[in-house]
Amino acid sequence: MGRGDTGIGREELFGIYDDTLVTVWDGSSWVDPAPVCVARGESGVVLTAWNPGWERPGRAANEANNRRLEAELDLIGADVWPAVGASQRDDHSEPGFIVWGMTAERGCEIARRFGQLAIYVYDPDGSRKTIDCD
């Protein structure tokens with residue numbers, strides 16, 4: 001279904017998503033969200049507006065998109081923490097947010113509005129899934 005500016009296919013892109021390391025800011029340090037989910041007894045959805053779909057806009061556009069996403073998340077009154085997804089394959093990383101207690105359906109709805117192909121969902125037991133929102 002498309003390669004866009006990435007030069008890679010969908011299957012490879014989702015492989016990269018699956019290999020991504022996610023950390024969240026708990027107010028004092030960057031931590032793995034899995035044990036936080038267990039401690040909170042709640043799910044978390046990781047969203048970003050960075051690099052939508054097959055597009056690779058510049059830093060300024062990505063930052064503006066993430067500010068719009070953050071403003072939208074603030075409006076819904078969710079408990080939101082900063083998050084970062086970092087590639088294990090190279091030095092690429094993308095900032096985003098973990099939204100506590102959000103459903104995957106709601107996460108995909110928001111992700112699609114920001115042109116995103118996927119989200120990460122952490123279950124209350126700390127397990128993580130990459131959810132295809134396309």
# chains A, B, ... in the order shown; residues from 1 in each chain; ligands from 1
>>> residues_around(residues="Thr23 (chain A)", least_positions_apart="2", cutoff="8 Å", atoms="only C-alpha atoms", output="ChimeraX atom specification")
/A:21,25,30-33,83-85
>>> write_last_selection(atoms="N, CA, C and O atoms", output="PDB file, in the first residue's frame")
ATOM      1  N   LEU A  21      11.604   1.054  20.747  1.00  0.00           N
ATOM      2  CA  LEU A  21      11.625   1.123  22.208  1.00  0.00           C
ATOM      3  C   LEU A  21      10.880   2.380  22.644  1.00  0.00           C
ATOM      4  O   LEU A  21      11.187   3.477  22.172  1.00  0.00           O
ATOM      5  N   TRP A  25       7.927   9.760  30.339  1.00  0.00           N
ATOM      6  CA  TRP A  25       8.429  10.633  31.403  1.00  0.00           C
ATOM      7  C   TRP A  25       7.453  10.584  32.567  1.00  0.00           C
ATOM      8  O   TRP A  25       6.300  11.011  32.444  1.00  0.00           O
ATOM      9  N   TRP A  30      12.890   9.055  32.566  1.00  0.00           N
ATOM     10  CA  TRP A  30      12.332   8.299  31.444  1.00  0.00           C
ATOM     11  C   TRP A  30      12.301   6.835  31.835  1.00  0.00           C
ATOM     12  O   TRP A  30      13.332   6.286  32.245  1.00  0.00           O
ATOM     13  N   VAL A  31      11.115   6.216  31.749  1.00  0.00           N
ATOM     14  CA  VAL A  31      10.933   4.835  32.200  1.00  0.00           C
ATOM     15  C   VAL A  31      10.171   4.022  31.164  1.00  0.00           C
ATOM     16  O   VAL A  31       9.486   4.561  30.297  1.00  0.00           O
ATOM     17  N   ASP A  32      10.285   2.716  31.286  1.00  0.00           N
ATOM     18  CA  ASP A  32       9.519   1.772  30.481  1.00  0.00           C
ATOM     19  C   ASP A  32       8.052   1.871  30.915  1.00  0.00           C
ATOM     20  O   ASP A  32       7.755   1.760  32.114  1.00  0.00           O
ATOM     21  N   PRO A  33       7.126   2.061  29.981  1.00  0.00           N
ATOM     22  CA  PRO A  33       5.723   2.191  30.379  1.00  0.00           C
ATOM     23  C   PRO A  33       5.087   0.895  30.885  1.00  0.00           C
ATOM     24  O   PRO A  33       4.084   0.943  31.603  1.00  0.00           O
ATOM     25  N   ALA A  83       6.157  10.941  25.883  1.00  0.00           N
ATOM     26  CA  ALA A  83       6.700   9.636  25.502  1.00  0.00           C
ATOM     27  C   ALA A  83       7.677   9.838  24.351  1.00  0.00           C
ATOM     28  O   ALA A  83       7.611  10.844  23.634  1.00  0.00           O
ATOM     29  N   VAL A  84       8.562   8.873  24.173  1.00  0.00           N
ATOM     30  CA  VAL A  84       9.489   8.870  23.043  1.00  0.00           C
ATOM     31  C   VAL A  84       9.577   7.450  22.511  1.00  0.00           C
ATOM     32  O   VAL A  84       9.712   6.498  23.294  1.00  0.00           O
ATOM     33  N   GLY A  85       9.481   7.319  21.205  1.00  0.00           N
ATOM     34  CA  GLY A  85       9.723   6.050  20.536  1.00  0.00           C
ATOM     35  C   GLY A  85      11.071   6.127  19.844  1.00  0.00           C
ATOM     36  O   GLY A  85      11.303   7.043  19.058  1.00  0.00           O
TER      37      GLY A  85
END
>>> closest_atom_pairs(of="region 2-46 of chain A", to="region 113-125 of chain A", cutoff="7 Å", atoms="only C-alpha atoms", output="CSV")
residue,atom,partner,partner_atom,distance
A:Ala34,CA,A:Tyr122,CA,6.7
A:Cys37,CA,A:Pro124,CA,5.1
A:Val38,CA,A:Asp125,CA,5.2
A:Gly41,CA,A:Pro124,CA,5.0
A:Glu42,CA,A:Pro124,CA,4.4
A:Ser43,CA,A:Asp123,CA,4.5
A:Gly44,CA,A:Tyr122,CA,5.1
A:Val45,CA,A:Val121,CA,4.6
A:Val46,CA,A:Tyr120,CA,5.1
>>> closest_residue(among="A:Thr20, A:Glu109, A:Leu47, A:Asp132", to="Pro82 (chain A)", atoms="only C-alpha atoms")
A:Leu47
>>> closest_residue(among="A:Glu11, A:Asp79, A:Asp134, A:Asp19", to="Cys108 (chain A)", atoms="only C-alpha atoms")
A:Asp134
>>> select_by_dssp(residues="chain A", states="strand (DSSP E or B)", output="PDB file with N, CA, C and O atoms, in the first residue's frame")
ATOM      1  N   LEU A  21      11.604   1.054  20.747  1.00  0.00           N
ATOM      2  CA  LEU A  21      11.625   1.123  22.208  1.00  0.00           C
ATOM      3  C   LEU A  21      10.880   2.380  22.644  1.00  0.00           C
ATOM      4  O   LEU A  21      11.187   3.477  22.172  1.00  0.00           O
ATOM      5  N   VAL A  22       9.916   2.221  23.536  1.00  0.00           N
ATOM      6  CA  VAL A  22       9.131   3.353  24.022  1.00  0.00           C
ATOM      7  C   VAL A  22       9.504   3.621  25.474  1.00  0.00           C
ATOM      8  O   VAL A  22       9.596   2.696  26.283  1.00  0.00           O
ATOM      9  N   THR A  23       9.725   4.898  25.783  1.00  0.00           N
ATOM     10  CA  THR A  23       9.900   5.326  27.169  1.00  0.00           C
ATOM     11  C   THR A  23       8.938   6.478  27.424  1.00  0.00           C
ATOM     12  O   THR A  23       8.528   7.187  26.496  1.00  0.00           O
ATOM     13  N   VAL A  24       8.576   6.642  28.687  1.00  0.00           N
ATOM     14  CA  VAL A  24       7.666   7.714  29.082  1.00  0.00           C
ATOM     15  C   VAL A  24       8.284   8.490  30.246  1.00  0.00           C
ATOM     16  O   VAL A  24       9.057   7.936  31.032  1.00  0.00           O
ATOM     17  N   TRP A  25       7.927   9.760  30.339  1.00  0.00           N
ATOM     18  CA  TRP A  25       8.429  10.633  31.403  1.00  0.00           C
ATOM     19  C   TRP A  25       7.453  10.584  32.567  1.00  0.00           C
ATOM     20  O   TRP A  25       6.300  11.011  32.444  1.00  0.00           O
ATOM     21  N   TRP A  30      12.890   9.055  32.566  1.00  0.00           N
ATOM     22  CA  TRP A  30      12.332   8.299  31.444  1.00  0.00           C
ATOM     23  C   TRP A  30      12.301   6.835  31.835  1.00  0.00           C
ATOM     24  O   TRP A  30      13.332   6.286  32.245  1.00  0.00           O
ATOM     25  N   VAL A  31      11.115   6.216  31.749  1.00  0.00           N
ATOM     26  CA  VAL A  31      10.933   4.835  32.200  1.00  0.00           C
ATOM     27  C   VAL A  31      10.171   4.022  31.164  1.00  0.00           C
ATOM     28  O   VAL A  31       9.486   4.561  30.297  1.00  0.00           O
ATOM     29  N   GLY A  44      -2.507   2.101  28.512  1.00  0.00           N
ATOM     30  CA  GLY A  44      -1.995   3.360  27.990  1.00  0.00           C
ATOM     31  C   GLY A  44      -1.861   3.268  26.484  1.00  0.00           C
ATOM     32  O   GLY A  44      -1.478   2.227  25.949  1.00  0.00           O
ATOM     33  N   VAL A  45      -2.197   4.344  25.798  1.00  0.00           N
ATOM     34  CA  VAL A  45      -2.076   4.423  24.349  1.00  0.00           C
ATOM     35  C   VAL A  45      -0.992   5.440  24.027  1.00  0.00           C
ATOM     36  O   VAL A  45      -1.014   6.560  24.541  1.00  0.00           O
ATOM     37  N   VAL A  46      -0.034   5.036  23.186  1.00  0.00           N
ATOM     38  CA  VAL A  46       1.048   5.926  22.780  1.00  0.00           C
ATOM     39  C   VAL A  46       0.732   6.481  21.398  1.00  0.00           C
ATOM     40  O   VAL A  46       0.507   5.729  20.448  1.00  0.00           O
ATOM     41  N   LEU A  47       0.719   7.805  21.321  1.00  0.00           N
ATOM     42  CA  LEU A  47       0.393   8.536  20.096  1.00  0.00           C
ATOM     43  C   LEU A  47       1.497   9.531  19.768  1.00  0.00           C
ATOM     44  O   LEU A  47       2.143  10.060  20.679  1.00  0.00           O
ATOM     45  N   ASP A  79      -5.205  11.986  31.246  1.00  0.00           N
ATOM     46  CA  ASP A  79      -3.928  11.988  31.947  1.00  0.00           C
ATOM     47  C   ASP A  79      -2.869  11.637  30.907  1.00  0.00           C
ATOM     48  O   ASP A  79      -2.837  10.511  30.393  1.00  0.00           O
ATOM     49  N   VAL A  80      -2.031  12.603  30.558  1.00  0.00           N
ATOM     50  CA  VAL A  80      -1.082  12.471  29.461  1.00  0.00           C
ATOM     51  C   VAL A  80       0.337  12.715  29.977  1.00  0.00           C
ATOM     52  O   VAL A  80       0.574  13.675  30.692  1.00  0.00           O
ATOM     53  N   TRP A  81       1.245  11.830  29.576  1.00  0.00           N
ATOM     54  CA  TRP A  81       2.664  11.994  29.883  1.00  0.00           C
ATOM     55  C   TRP A  81       3.435  12.052  28.573  1.00  0.00           C
ATOM     56  O   TRP A  81       3.043  11.407  27.587  1.00  0.00           O
ATOM     57  N   PRO A  82       4.559  12.751  28.543  1.00  0.00           N
ATOM     58  CA  PRO A  82       5.425  12.697  27.364  1.00  0.00           C
ATOM     59  C   PRO A  82       5.950  11.279  27.137  1.00  0.00           C
ATOM     60  O   PRO A  82       6.164  10.526  28.093  1.00  0.00           O
ATOM     61  N   ALA A  83       6.157  10.941  25.883  1.00  0.00           N
ATOM     62  CA  ALA A  83       6.700   9.636  25.502  1.00  0.00           C
ATOM     63  C   ALA A  83       7.677   9.838  24.351  1.00  0.00           C
ATOM     64  O   ALA A  83       7.611  10.844  23.634  1.00  0.00           O
ATOM     65  N   VAL A  84       8.562   8.873  24.173  1.00  0.00           N
ATOM     66  CA  VAL A  84       9.489   8.870  23.043  1.00  0.00           C
ATOM     67  C   VAL A  84       9.577   7.450  22.511  1.00  0.00           C
ATOM     68  O   VAL A  84       9.712   6.498  23.294  1.00  0.00           O
ATOM     69  N   GLY A  85       9.481   7.319  21.205  1.00  0.00           N
ATOM     70  CA  GLY A  85       9.723   6.050  20.536  1.00  0.00           C
ATOM     71  C   GLY A  85      11.071   6.127  19.844  1.00  0.00           C
ATOM     72  O   GLY A  85      11.303   7.043  19.058  1.00  0.00           O
ATOM     73  N   ALA A  86      11.965   5.195  20.168  1.00  0.00           N
ATOM     74  CA  ALA A  86      13.318   5.218  19.611  1.00  0.00           C
ATOM     75  C   ALA A  86      13.597   3.937  18.846  1.00  0.00           C
ATOM     76  O   ALA A  86      13.331   2.836  19.340  1.00  0.00           O
ATOM     77  N   SER A  93      14.412   8.881  16.537  1.00  0.00           N
ATOM     78  CA  SER A  93      13.410   8.827  17.606  1.00  0.00           C
ATOM     79  C   SER A  93      12.327   9.850  17.304  1.00  0.00           C
ATOM     80  O   SER A  93      12.546  10.799  16.551  1.00  0.00           O
ATOM     81  N   GLU A  94      11.154   9.607  17.882  1.00  0.00           N
ATOM     82  CA  GLU A  94      10.021  10.506  17.686  1.00  0.00           C
ATOM     83  C   GLU A  94       9.338  10.757  19.021  1.00  0.00           C
ATOM     84  O   GLU A  94       8.974   9.813  19.719  1.00  0.00           O
ATOM     85  N   PRO A  95       9.140  12.027  19.379  1.00  0.00           N
ATOM     86  CA  PRO A  95       8.401  12.337  20.596  1.00  0.00           C
ATOM     87  C   PRO A  95       6.912  12.132  20.399  1.00  0.00           C
ATOM     88  O   PRO A  95       6.393  12.216  19.289  1.00  0.00           O
ATOM     89  N   GLY A  96       6.242  11.865  21.480  1.00  0.00           N
ATOM     90  CA  GLY A  96       4.802  11.689  21.457  1.00  0.00           C
ATOM     91  C   GLY A  96       4.272  11.728  22.876  1.00  0.00           C
ATOM     92  O   GLY A  96       4.856  12.380  23.748  1.00  0.00           O
ATOM     93  N   PHE A  97       3.201  10.980  23.104  1.00  0.00           N
ATOM     94  CA  PHE A  97       2.511  11.020  24.389  1.00  0.00           C
ATOM     95  C   PHE A  97       1.922   9.659  24.717  1.00  0.00           C
ATOM     96  O   PHE A  97       1.498   8.947  23.819  1.00  0.00           O
ATOM     97  N   ILE A  98       1.885   9.331  26.002  1.00  0.00           N
ATOM     98  CA  ILE A  98       1.093   8.184  26.436  1.00  0.00           C
ATOM     99  C   ILE A  98      -0.144   8.750  27.110  1.00  0.00           C
ATOM    100  O   ILE A  98      -0.065   9.681  27.919  1.00  0.00           O
ATOM    101  N   VAL A  99      -1.284   8.210  26.731  1.00  0.00           N
ATOM    102  CA  VAL A  99      -2.566   8.656  27.270  1.00  0.00           C
ATOM    103  C   VAL A  99      -3.111   7.511  28.111  1.00  0.00           C
ATOM    104  O   VAL A  99      -3.419   6.431  27.595  1.00  0.00           O
ATOM    105  N   TRP A 100      -3.203   7.736  29.401  1.00  0.00           N
ATOM    106  CA  TRP A 100      -3.628   6.695  30.335  1.00  0.00           C
ATOM    107  C   TRP A 100      -5.134   6.480  30.266  1.00  0.00           C
ATOM    108  O   TRP A 100      -5.910   7.436  30.229  1.00  0.00           O
ATOM    109  N   ALA A 118      -0.365   3.852  12.816  1.00  0.00           N
ATOM    110  CA  ALA A 118      -0.418   2.906  13.936  1.00  0.00           C
ATOM    111  C   ALA A 118      -0.254   3.626  15.268  1.00  0.00           C
ATOM    112  O   ALA A 118       0.217   4.769  15.328  1.00  0.00           O
ATOM    113  N   ILE A 119      -0.656   2.917  16.320  1.00  0.00           N
ATOM    114  CA  ILE A 119      -0.434   3.351  17.695  1.00  0.00           C
ATOM    115  C   ILE A 119       0.114   2.156  18.473  1.00  0.00           C
ATOM    116  O   ILE A 119       0.022   1.016  18.020  1.00  0.00           O
ATOM    117  N   TYR A 120       0.647   2.439  19.640  1.00  0.00           N
ATOM    118  CA  TYR A 120       1.007   1.378  20.581  1.00  0.00           C
ATOM    119  C   TYR A 120      -0.021   1.375  21.689  1.00  0.00           C
ATOM    120  O   TYR A 120      -0.407   2.436  22.195  1.00  0.00           O
ATOM    121  N   VAL A 121      -0.452   0.182  22.066  1.00  0.00           N
ATOM    122  CA  VAL A 121      -1.365   0.037  23.194  1.00  0.00           C
ATOM    123  C   VAL A 121      -0.693  -0.855  24.222  1.00  0.00           C
ATOM    124  O   VAL A 121      -0.267  -1.972  23.909  1.00  0.00           O
ATOM    125  N   TYR A 122      -0.580  -0.342  25.428  1.00  0.00           N
ATOM    126  CA  TYR A 122      -0.084  -1.113  26.565  1.00  0.00           C
ATOM    127  C   TYR A 122      -1.289  -1.538  27.387  1.00  0.00           C
ATOM    128  O   TYR A 122      -2.100  -0.699  27.783  1.00  0.00           O
ATOM    129  N   ARG A 128       2.455  -5.062  25.270  1.00  0.00           N
ATOM    130  CA  ARG A 128       2.313  -4.022  24.248  1.00  0.00           C
ATOM    131  C   ARG A 128       1.925  -4.629  22.917  1.00  0.00           C
ATOM    132  O   ARG A 128       2.413  -5.682  22.522  1.00  0.00           O
ATOM    133  N   LYS A 129       1.025  -3.914  22.221  1.00  0.00           N
ATOM    134  CA  LYS A 129       0.621  -4.288  20.865  1.00  0.00           C
ATOM    135  C   LYS A 129       0.794  -3.076  19.962  1.00  0.00           C
ATOM    136  O   LYS A 129       0.534  -1.947  20.383  1.00  0.00           O
ATOM    137  N   THR A 130       1.198  -3.334  18.729  1.00  0.00           N
ATOM    138  CA  THR A 130       1.166  -2.300  17.702  1.00  0.00           C
ATOM    139  C   THR A 130      -0.158  -2.470  16.986  1.00  0.00           C
ATOM    140  O   THR A 130      -0.452  -3.527  16.447  1.00  0.00           O
ATOM    141  N   ILE A 131      -0.983  -1.423  16.994  1.00  0.00           N
ATOM    142  CA  ILE A 131      -2.316  -1.484  16.408  1.00  0.00           C
ATOM    143  C   ILE A 131      -2.307  -0.726  15.084  1.00  0.00           C
ATOM    144  O   ILE A 131      -1.942   0.453  15.030  1.00  0.00           O
ATOM    145  N   ASP A 132      -2.729  -1.384  14.026  1.00  0.00           N
ATOM    146  CA  ASP A 132      -2.854  -0.793  12.701  1.00  0.00           C
ATOM    147  C   ASP A 132      -4.113   0.070  12.677  1.00  0.00           C
ATOM    148  O   ASP A 132      -5.216  -0.432  12.871  1.00  0.00           O
TER     149      ASP A 132
END
>>> atom_distance(atom1="CA of Ala61 (chain A)", atom2="CA of Ile16 (chain A)")
22.3 Å
>>> closest_residue(among="A:Val36, A:Met102, A:Cys133, A:Ile110", to="Glu70 (chain A)", atoms="only C-alpha atoms")
A:Ile110
>>> atom_distance(atom1="CA of Ser127 (chain A)", atom2="CA of Arg112 (chain A)")
23.0 Å
